[in-house]
Structure formats: structure tokens, C-alpha cells
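Engineer: This is the content of structure-v1.cif (mmCIF, C-alpha atoms and all ligand atoms):
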```
data_my_file
#
loop_
_atom_site.label_atom_id
_atom_site.label_comp_id
_atom_site.auth_asym_id
_atom_site.auth_seq_id
_atom_site.Cartn_x
_atom_site.Cartn_y
_atom_site.Cartn_z
CA MET B 1 93.04 49.65 103.63
CA SER B 2 95.00 52.90 103.60
CA GLN B 3 93.70 56.05 105.24
CA ILE B 4 91.29 58.20 103.24
CA HIS B 5 92.46 61.81 103.30
CA LYS B 6 89.94 64.61 103.30
CA ILE B 7 92.19 66.68 101.08
CA VAL B 8 95.36 65.93 99.15
CA ILE B 9 97.33 68.81 97.68
CA ILE B 10 99.66 68.06 94.79
CA GLY B 11 102.41 70.66 94.41
CA SER B 12 104.47 72.80 96.76
CA GLY B 13 104.66 76.27 95.29
CA PRO B 14 102.74 79.31 96.58
CA ALA B 15 99.40 77.82 95.48
CA GLY B 16 99.98 74.45 97.16
CA TRP B 17 101.25 75.85 100.46
CA THR B 18 98.50 78.46 100.67
CA ALA B 19 95.88 75.78 100.04
CA ALA B 20 97.55 73.76 102.82
CA ILE B 21 97.54 76.68 105.29
CA TYR B 22 93.83 77.24 104.76
CA ALA B 23 92.94 73.54 104.77
CA ALA B 24 95.01 72.88 107.90
CA ARG B 25 93.41 75.78 109.76
CA ALA B 26 90.02 74.35 108.74
CA GLN B 27 91.16 71.11 110.42
CA LEU B 28 91.03 69.11 107.22
CA GLU B 29 94.45 67.54 108.00
CA PRO B 30 95.89 68.17 104.53
CA ILE B 31 98.73 66.23 103.06
CA VAL B 32 100.98 67.92 100.49
CA PHE B 33 102.80 65.89 97.86
CA ALA B 34 105.74 68.22 97.40
CA GLY B 35 107.45 66.35 94.55
CA VAL B 36 111.03 65.25 94.00
CA PRO B 37 113.79 67.36 92.41
CA LYS B 38 114.47 66.65 88.74
CA GLN B 39 116.12 68.05 85.61
CA ASP B 40 113.85 68.39 82.53
CA PRO B 41 115.92 70.01 80.92
CA GLY B 42 115.99 72.89 83.41
CA PRO B 43 115.86 72.31 87.15
CA ILE B 44 112.45 71.43 88.61
CA LEU B 45 112.40 71.63 92.39
CA PRO B 46 109.86 71.14 95.17
CA GLY B 47 108.76 74.71 95.83
CA GLY B 48 108.40 75.42 92.13
CA GLN B 49 109.66 78.33 90.11
CA LEU B 50 110.41 80.51 93.13
CA MET B 51 113.20 78.09 93.96
CA LEU B 52 114.93 79.48 90.86
CA THR B 53 114.24 83.10 91.68
CA THR B 54 116.72 85.23 93.53
CA ASP B 55 114.97 88.22 95.10
CA VAL B 56 111.20 88.48 95.20
CA GLU B 57 110.44 92.18 95.49
CA ASN B 58 106.81 92.31 94.40
CA TYR B 59 105.17 90.08 97.05
CA PRO B 60 103.39 92.41 99.47
CA GLY B 61 104.57 92.24 103.05
CA PHE B 62 108.27 91.95 102.27
CA PRO B 63 109.42 95.57 101.83
CA GLU B 64 113.08 94.52 101.78
CA GLY B 65 112.43 91.67 99.34
CA ILE B 66 112.96 88.01 100.10
CA ALA B 67 114.85 85.21 98.35
CA GLY B 68 112.49 82.87 96.49
CA PRO B 69 113.67 79.67 98.28
CA GLU B 70 113.41 81.36 101.69
CA MET B 71 109.90 82.46 100.87
CA MET B 72 108.87 78.90 100.00
CA ASP B 73 110.49 77.64 103.18
CA ARG B 74 108.39 80.11 105.18
CA PHE B 75 105.22 79.10 103.35
CA GLN B 76 105.94 75.46 104.17
CA LYS B 77 106.67 76.19 107.85
CA GLN B 78 103.41 78.11 108.13
CA ALA B 79 101.49 75.19 106.60
CA MET B 80 103.21 72.69 108.90
CA ARG B 81 102.57 74.82 111.98
CA PHE B 82 98.87 74.03 111.60
CA GLY B 83 99.42 70.31 111.07
CA THR B 84 99.97 69.89 107.32
CA LYS B 85 101.76 66.64 106.50
CA VAL B 86 104.34 66.71 103.74
CA GLU B 87 105.46 63.86 101.48
CA GLY B 88 108.51 64.32 99.26
CA LYS B 89 106.98 62.27 96.47
CA ASP B 90 105.60 62.82 92.98
CA ILE B 91 102.07 61.87 92.06
CA VAL B 92 102.43 60.21 88.66
CA ARG B 93 98.85 59.10 87.93
CA CYS B 94 95.37 59.99 89.18
CA ASP B 95 92.32 57.77 89.09
CA PHE B 96 89.42 60.19 89.41
CA GLY B 97 86.97 57.58 88.14
CA ARG B 98 86.85 55.99 91.62
CA ARG B 99 85.61 57.55 94.86
CA PRO B 100 87.42 58.20 97.04
CA PHE B 101 89.94 59.21 94.37
CA VAL B 102 93.09 57.11 94.04
CA LEU B 103 96.44 58.80 93.42
CA HIS B 104 99.59 56.86 92.56
CA THR B 105 103.02 57.98 93.78
CA HIS B 106 106.24 57.51 91.81
CA ASP B 107 107.28 54.73 94.18
CA GLY B 108 104.11 52.70 93.82
CA GLU B 109 102.07 53.89 96.80
CA GLU B 110 98.31 54.40 96.44
CA VAL B 111 96.85 57.45 98.18
CA ARG B 112 93.10 57.85 98.68
CA ALA B 113 91.37 61.21 98.96
CA HIS B 114 87.90 62.72 99.01
CA THR B 115 89.12 65.98 97.46
CA VAL B 116 92.26 66.90 95.54
CA VAL B 117 93.87 70.29 94.88
CA ILE B 118 96.20 70.27 91.88
CA ALA B 119 98.86 72.96 92.24
CA THR B 120 101.72 71.56 90.20
CA GLY B 121 102.56 74.81 88.42
CA ALA B 122 104.13 75.35 85.07
CA THR B 123 107.75 75.37 84.09
CA ALA B 124 109.40 77.92 81.86
CA ASN B 125 110.66 76.49 78.61
CA TRP B 126 114.41 76.75 78.12
CA LEU B 127 116.56 76.55 75.04
CA GLY B 128 118.32 73.56 76.59
CA LEU B 129 121.91 74.84 76.18
CA GLU B 130 124.47 73.66 78.71
CA ASN B 131 125.83 77.14 79.56
CA GLU B 132 122.32 78.58 79.68
CA MET B 133 121.32 76.07 82.36
CA ARG B 134 124.58 76.50 84.29
CA LEU B 135 124.23 80.29 84.48
CA ALA B 136 120.52 80.06 85.30
CA ARG B 137 121.22 77.72 88.23
CA SER B 138 124.06 79.88 89.58
CA GLY B 139 122.18 83.20 89.31
CA GLY B 140 124.78 84.31 86.77
CA GLY B 141 122.45 86.39 84.64
CA VAL B 142 120.22 83.88 82.81
CA SER B 143 116.58 84.01 83.86
CA ALA B 144 113.18 82.91 82.61
CA CYS B 145 111.36 85.72 84.42
CA ALA B 146 112.19 89.37 83.76
CA VAL B 147 109.34 90.51 85.99
CA CYS B 148 110.96 88.57 88.87
CA ASP B 149 114.62 89.31 88.20
CA GLY B 150 114.86 92.28 85.85
CA ALA B 151 115.30 94.92 88.53
CA LEU B 152 118.33 93.22 90.09
CA PRO B 153 121.46 95.41 90.30
CA ILE B 154 123.45 93.14 87.95
CA PHE B 155 121.16 94.15 85.08
CA ARG B 156 121.05 97.90 85.74
CA ASP B 157 122.29 100.02 82.83
CA GLN B 158 123.60 96.96 81.02
CA PRO B 159 122.79 95.59 77.57
CA LEU B 160 120.27 92.74 77.94
CA ALA B 161 118.68 90.21 75.59
CA VAL B 162 115.32 88.46 75.52
CA VAL B 163 114.74 85.33 73.43
CA GLY B 164 111.27 84.83 71.93
CA GLY B 165 108.74 86.55 69.74
CA GLY B 166 105.44 86.13 71.63
CA ASP B 167 103.56 88.34 74.06
CA SER B 168 105.71 87.14 76.95
CA ALA B 169 108.88 88.18 75.16
CA MET B 170 107.40 91.63 74.43
CA GLU B 171 106.18 92.04 78.00
CA GLU B 172 109.50 90.97 79.49
CA ALA B 173 111.52 93.07 77.05
CA THR B 174 109.35 96.16 77.65
CA HIS B 175 109.80 95.69 81.40
CA LEU B 176 113.56 95.42 80.94
CA THR B 177 113.80 98.68 78.99
CA LYS B 178 113.34 100.41 82.36
CA PHE B 179 116.57 98.92 83.67
CA GLY B 180 118.85 97.94 80.78
CA SER B 181 120.90 100.38 78.72
CA LYS B 182 119.75 98.46 75.62
CA VAL B 183 117.31 95.58 75.23
CA TYR B 184 117.58 93.21 72.28
CA VAL B 185 114.82 90.79 71.38
CA ILE B 186 116.28 87.79 69.60
CA HIS B 187 113.69 86.12 67.40
CA ARG B 188 114.09 83.13 65.14
CA ARG B 189 111.82 84.43 62.37
CA ASP B 190 111.23 87.74 60.56
CA THR B 191 107.80 88.43 62.08
CA LEU B 192 106.76 88.48 65.70
CA ARG B 193 104.03 86.23 67.05
CA ALA B 194 103.11 88.84 69.68
CA SER B 195 99.98 91.00 69.43
CA LYS B 196 100.48 94.31 67.64
CA ILE B 197 99.92 96.38 70.76
CA MET B 198 102.54 94.47 72.74
CA GLN B 199 105.00 94.77 69.85
CA GLN B 200 104.36 98.49 69.64
CA ARG B 201 104.86 99.01 73.35
CA PHE B 202 108.32 97.51 73.09
CA LEU B 203 109.36 98.93 69.74
CA GLU B 204 108.55 102.51 70.71
CA LYS B 205 111.15 102.43 73.51
CA PRO B 206 114.33 104.27 72.54
CA ASN B 207 116.55 101.45 73.80
CA ALA B 208 114.66 98.60 72.05
CA GLU B 209 115.89 96.55 69.11
CA VAL B 210 114.80 93.29 67.49
CA LEU B 211 117.40 90.99 65.99
CA TRP B 212 115.52 89.04 63.30
CA ASN B 213 116.16 85.49 62.13
CA LYS B 214 118.57 84.73 64.94
CA VAL B 215 118.87 81.89 67.41
CA VAL B 216 121.12 81.69 70.47
CA VAL B 217 123.49 78.76 70.08
CA ASP B 218 125.66 79.40 73.15
CA VAL B 219 125.81 81.60 76.24
CA LEU B 220 129.23 83.08 76.95
CA GLY B 221 130.77 83.86 80.35
CA ASP B 222 132.18 81.89 83.29
CA GLU B 223 130.63 83.39 86.43
CA ARG B 224 128.33 85.89 84.73
CA VAL B 225 126.79 86.26 81.30
CA GLU B 226 129.17 88.21 79.05
CA GLY B 227 127.43 87.63 75.74
CA VAL B 228 125.64 85.19 73.47
CA LEU B 229 126.65 83.43 70.30
CA LEU B 230 124.00 83.93 67.63
CA GLU B 231 123.32 82.03 64.45
CA ASP B 232 121.40 83.51 61.54
CA THR B 233 118.55 81.14 60.64
CA LYS B 234 118.70 82.20 56.96
CA THR B 235 122.45 82.34 56.28
CA GLY B 236 123.88 80.20 59.09
CA GLU B 237 126.33 83.01 59.86
CA ARG B 238 127.48 83.23 63.47
CA SER B 239 128.06 86.43 65.46
CA ARG B 240 128.68 87.50 69.03
CA LEU B 241 126.37 89.86 70.92
CA ASP B 242 127.67 91.39 74.14
CA VAL B 243 124.96 91.35 76.80
CA LYS B 244 125.03 91.03 80.61
CA GLY B 245 121.67 89.34 80.99
CA LEU B 246 119.73 86.77 79.01
CA PHE B 247 116.00 86.29 79.51
CA ILE B 248 114.31 83.28 77.98
CA ALA B 249 110.65 83.91 77.06
CA ILE B 250 109.74 81.04 74.76
CA GLY B 251 106.62 79.88 76.56
CA HIS B 252 105.73 77.75 79.57
CA THR B 253 104.66 74.15 79.92
CA PRO B 254 102.07 73.36 82.59
CA ALA B 255 102.89 70.34 84.73
CA THR B 256 99.88 68.28 83.71
CA LYS B 257 101.48 65.23 82.06
CA PHE B 258 100.53 63.13 85.06
CA LEU B 259 96.85 63.96 84.41
CA LYS B 260 96.83 62.19 81.04
CA ASP B 261 93.81 59.85 80.94
CA SER B 262 92.55 61.23 84.29
CA GLY B 263 89.53 62.89 82.68
CA ILE B 264 90.54 66.39 83.84
CA GLU B 265 89.76 68.92 81.13
CA LEU B 266 92.85 70.67 79.75
CA ASP B 267 93.01 73.46 77.17
CA GLU B 268 94.97 73.14 73.92
CA SER B 269 98.18 74.22 75.69
CA GLY B 270 97.75 71.69 78.51
CA TYR B 271 96.50 74.08 81.23
CA ILE B 272 93.67 72.91 83.51
CA VAL B 273 90.35 74.50 82.61
CA LEU B 274 88.53 76.00 85.60
CA ARG B 275 84.88 76.76 85.99
CA SER B 276 84.43 80.50 85.91
CA ARG B 277 85.38 82.34 89.12
CA SER B 278 86.13 79.20 91.10
CA SER B 279 88.87 76.63 91.43
CA ALA B 280 86.56 73.78 90.38
CA THR B 281 87.67 71.57 87.50
CA ASN B 282 85.28 69.48 85.39
CA ILE B 283 85.57 66.66 87.97
CA ASP B 284 83.50 67.19 91.10
CA GLY B 285 85.80 67.29 94.13
CA VAL B 286 88.97 68.10 92.15
CA PHE B 287 90.20 71.69 92.32
CA ALA B 288 93.17 73.47 90.77
CA ALA B 289 95.21 76.51 91.71
CA GLY B 290 98.18 78.51 90.52
CA ASP B 291 100.10 78.43 87.27
CA VAL B 292 98.85 74.96 86.31
CA ALA B 293 95.49 76.63 85.68
CA ASP B 294 96.67 80.14 84.81
CA ALA B 295 98.64 80.92 81.65
CA ARG B 296 98.03 84.63 82.08
CA TYR B 297 99.24 86.06 85.40
CA ARG B 298 101.75 83.48 86.67
CA GLN B 299 102.75 85.45 89.78
CA ALA B 300 103.44 84.16 93.29
CA ILE B 301 100.73 86.38 94.71
CA THR B 302 98.07 85.28 92.21
CA ALA B 303 99.01 81.63 92.72
CA ALA B 304 98.72 82.05 96.50
CA GLY B 305 95.30 83.65 96.07
CA MET B 306 94.16 80.76 93.90
CA GLY B 307 95.45 78.30 96.52
CA CYS B 308 93.27 79.99 99.10
CA GLN B 309 90.26 79.72 96.79
CA ALA B 310 90.90 76.02 96.15
CA ALA B 311 91.08 75.22 99.88
CA LEU B 312 87.86 77.11 100.56
CA ASP B 313 86.16 75.39 97.63
CA ALA B 314 87.36 71.96 98.84
CA GLU B 315 86.20 72.72 102.38
CA HIS B 316 82.78 73.69 101.05
CA TRP B 317 82.62 70.49 98.97
CA LEU B 318 83.48 68.37 102.01
CA THR B 319 80.81 70.07 104.10
CA LEU B 320 78.18 69.44 101.44
CA ASN B 321 79.20 65.91 100.58
CA LEU B 322 80.72 64.41 103.74
CA ASP B 323 79.66 66.77 106.47
CA ALA B 324 83.38 67.08 107.33
P1 LIG B 401 104.05 81.90 72.76
O1 LIG B 401 102.97 82.82 72.29
O2 LIG B 401 103.95 80.44 72.51
O3 LIG B 401 105.40 82.44 72.08
C1 LIG B 401 106.59 81.75 72.23
C2 LIG B 401 107.64 82.46 71.37
O4 LIG B 401 108.88 81.81 71.59
C3 LIG B 401 107.34 82.39 69.88
O5 LIG B 401 107.65 83.60 69.26
C4 LIG B 401 108.27 81.27 69.39
O6 LIG B 401 108.75 81.48 68.09
C5 LIG B 401 109.43 81.40 70.34
N1 LIG B 401 110.09 80.11 70.57
C6 LIG B 401 109.53 78.95 70.99
N2 LIG B 401 110.48 78.00 71.11
C7 LIG B 401 111.65 78.59 70.75
C8 LIG B 401 112.99 78.12 70.70
N3 LIG B 401 113.31 76.88 71.02
N4 LIG B 401 113.94 78.99 70.28
C9 LIG B 401 113.63 80.27 69.95
N5 LIG B 401 112.38 80.78 70.00
C10 LIG B 401 111.41 79.94 70.41
O7 LIG B 401 104.32 82.02 74.33
P2 LIG B 401 104.15 83.29 75.29
O8 LIG B 401 104.72 84.50 74.69
O9 LIG B 401 104.69 82.84 76.62
O10 LIG B 401 102.59 83.47 75.43
C11 LIG B 401 101.76 82.39 75.90
C12 LIG B 401 100.33 82.86 75.95
O11 LIG B 401 100.17 83.83 76.98
C13 LIG B 401 99.88 83.54 74.66
O12 LIG B 401 98.55 83.22 74.42
C14 LIG B 401 100.03 85.00 74.97
O13 LIG B 401 99.17 85.83 74.20
C15 LIG B 401 99.67 85.04 76.45
N6 LIG B 401 100.31 86.19 77.10
C16 LIG B 401 99.59 87.34 77.20
C17 LIG B 401 100.18 88.45 77.78
C18 LIG B 401 99.37 89.71 77.92
O14 LIG B 401 98.36 89.83 77.25
N7 LIG B 401 99.79 90.62 78.77
C19 LIG B 401 101.48 88.41 78.27
C20 LIG B 401 102.19 87.22 78.14
C21 LIG B 401 101.60 86.12 77.54
P3 LIG B 401 107.77 81.35 66.82
O15 LIG B 401 106.95 82.60 66.81
O16 LIG B 401 108.72 81.25 65.68
O17 LIG B 401 106.97 80.11 67.04
#
```
Can I see the file as C-alpha cells?

Structural biologist:
Amino acid sequence: MSQIHKIVIIGSGPAGWTAAIYAARAQLEPIVFAGVPKQDPGPILPGGQLMLTTDVENYPGFPEGIAGPEMMDRFQKQAMRFGTKVEGKDIVRCDFGRRPFVLHTHDGEEVRAHTVVIATGATANWLGLENEMRLARSGGGVSACAVCDGALPIFRDQPLAVVGGGDSAMEEATHLTKFGSKVYVIHRRDTLRASKIMQQRFLEKPNAEVLWNKVVVDVLGDERVEGVLLEDTKTGERSRLDVKGLFIAIGHTPATKFLKDSGIELDESGYIVLRSRSSATNIDGVFAAGDVADARYRQAITAAGMGCQAALDAEHWLTLNLDA
């Protein structure tokens, strides 16, 4: 019979590594399933969304900023320093009906655990255009996070565009009005989905403009974004818009597909539902942290905080139930 782990952490972003740091220092010998790189359609990497972020300037303690991948590398090293084990595998199915729980890896291994922390994050939705993905991967001016990337020098005093019509698009676009010379919101319909107050906050900026009934059909530029090709959804007419940055804000998808049939309660958008003010899910002994359970804040610092909570909650559970 395979070893029974006290705590298994699924996911290797800020939430997963922080849970690991706390669990390892509590001598729970955590094991982190860090995942395998994939393309779906955008890049999904162990380390999560920070692996696609250039400079992180809003994480306290790094006054000079830090590159997203370097930050995740440091988180991992800190977790490993206290004895965290790391497996570069995906968990593809969870059997929470048995105790200890049984988790299945993508290569057919069964992993047994008394407690589980799910920290698999959420991925930004992309349009799925070839040049969009290429320029997002190369840091050439396509991003799915204006709060993370908007203040970068390449966007300063330049015309920028945001795709989407929801609250995220309004929030990102409003944030960008501080940096860009002009900020266009490109929306596929003639009314915004965003709340009135968020719309108003954007529309009252002198450098704000909404382009109605338009979709982006191509992103132009070799090394850097030079513009986008638009198509009118009513007339089919195509036009070019010169912008130096393109921000995609068309929603996020939580990484919870592998929880199908696991019994974990998800909301209508697929996010894990937590019990109020704790990391507990509806299944006793299963905890969740970070963007997979948070459609609202989605920041590295909030995810890390939730990871800490999940480890403390799991430790408490183990003390009560196993005297670990
Ligand atoms: P959302 O409300 O689902 O809006 C997504 C937007 O993207 C919609 O306008 C949609 O257009 C558009 N869209 C989707 N797929 C597209 C595609 N392939 N091409 C072009 N446009 C596309 O997502 P969200 O804005 O990320 O918000 C998610 C949730 O978080 C919401 O409940 C929101 O209220 C909340 N949120 C709150 C705040 C806040 O209160 N501060 C901030 C951000 C988010 P259609 O309208 O035509 O469907």
C-alpha cells in the first residue's frame, strides 16, 4: 500500500506554495502536485498565472519589483527548504468518497491523503488568436492582467485597448487610463455587461472610448503590438486600430474540471464554494485557496494569504481528527 500523506497540495501558484511553507513548518511533510505545462489555448504553466507576468510591482516586500517566474521560483525554494516534496504531475481525478482520500495522477498513480488543499487557480480566457498568443508569450504587449502589467514602461503614454464588456474590462480599462494616452474598450455588442458604476468610472475619464459592436480578428506587429484588426459584428466591415498594448478581459475559467464528480461544491461559474471566513469546502478535510475559490480579488498576495489559511485549517483538522 502506498504512503498516506497528511496533506497533499494541488497547484503551485502563490496559494499552493504558501500552503506548503506553512504545512512544512508545521512538520506535516506536504507534497505539492505542481502540474505539467500545457497549452489550452493559452499557456498554462506550473507556477500559475505569475509565470506569464513580467514585473510584479504590487507584492509587498519587493520595492524594486520582481519578475513573476522568479517570484514563483523563490516561493518554491522557500517551501522546499522546510521539506516540501514536489511532484511535476497533474491530478486528474479526486475520490473524496473514500478516506483517506484517493487522488489520481495523469500517469495513473494513486495518491492517498488525509487532507487536501486545492490551489489550482484560474486561467484568463483568451480570444485564441495565433498572434495574440505569440505576443502574450513573448511579453510583446498582449496581457490578460492590466493590474499586473499596465504600469510597464512600454504602455506609458501609448494608445491601448481592452477587449471585453464586463466589470473586469471596466476595471482594467479604468486602471489603464492612468498610463495610456488613450484607452479603447472593444466590445462585441452595443451595451456593456458591466455594472453602471464601473462603466461610469471608465467613461468619465477624458481618454476613454468604447468601440461598440467590434471584435478583434487579428493582432498586428512582429516584436511588439502595433495595432489590431477589428471586425464590425453588424456590418462585417474590417478596420485597423493603432494601439501599443492589448489587454484581454473576457473572463476567467477556474481550474476545476478535474473535480467533476468529486462532490466538491462549485458555484455556477465553476469556482469552489468556501464556508464563510475559512478555507473549508463542503467536504470535511478538503480545503481550497487562491483564485480557484476567489473570482473577486485574484491577486498574488490574496492567494498567498488564502494558502496560509488553508494550511492552518488543514493542520487544525489533522490535530482534531488524527492527533497529527
Ligand atoms: P464577465 O462578467 O463574464 O464579462 C466578460 C465580458 O467579456 C463580457 O462583456 C463578454 O461579452 C465578453 N466576452 C466574453 N467572451 C468574449 C469573446 N470571445 N470575445 C469578445 N468578448 C468576449 O467577466 P468579468 O468581467 O471577468 O467578471 C467576472 C465576475 O467578476 C463578474 O461577476 C463581475 O461582476 C466580477 N468582477 C467584479 C469586479 C468589481 O466589483 N470590482 C471587478 C471585476 C470582476 P458579452 O457581454 O457580449 O457576453

Engineer: Taking all atoms listed in the file into account, which residues have an atom no farther than 10 Å from ligand LIG 401 (chain B)? I'd like them as a ChimeraX atom specification.

Structural biologist: /B:124-128,162-172,186-195,197-198,213-217,248-253,269,294-298

Engineer: Between B:Leu318, B:Val225, B:Ile44, B:Leu152, which is the closest to Thr120 in chain B once you count all atoms listed in the file?

Structural biologist: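 Smallest separation from Thr120 in chain B among the options: B:Ile44.
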
Engineer: Might you pull out every residue within 7 Å of Met51 in chain B, with all atoms listed in the file counted and same-chain residues fewer than 6 positions away left off, and present them as a list in words?

Structural biologist: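 Returned residues: Leu45, Gly68 and Pro69 of chain B.
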
Engineer: Grab the CA of Asp313 in chain B to CA of Phe96 in chain B distance for me, in Å with one decimal place.

Structural biologist: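 So the answer is 17.6 Å.
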
Engineer: Under the rule that only C-alpha atoms are counted, which of B:Ala19, B:Val8, B:Cys145, B:Leu176 is the nearest residue to Phe101 in chain B?

Structural biologist: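 Between B:Ala19, B:Val8, B:Cys145, B:Leu176, the residue approaching Phe101 in chain B most closely is B:Val8.
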
Engineer: In Å, how far is it from CA of Leu266 in chain B to CA of Gly13 in chain B?

Structural biologist: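 Straight-line distance from CA of Leu266 in chain B to CA of Gly13 in chain B works out to 20.3 Å.
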
Engineer: Tell me which protein, DNA and RNA residues are within 8 Å of Ala146 in chain B, counting all atoms listed in the file, leaving out same-chain ones fewer than 4 positions away, and put them as a ChimeraX atom specification.

Structural biologist: /B:150-151,172-173,175-176,247
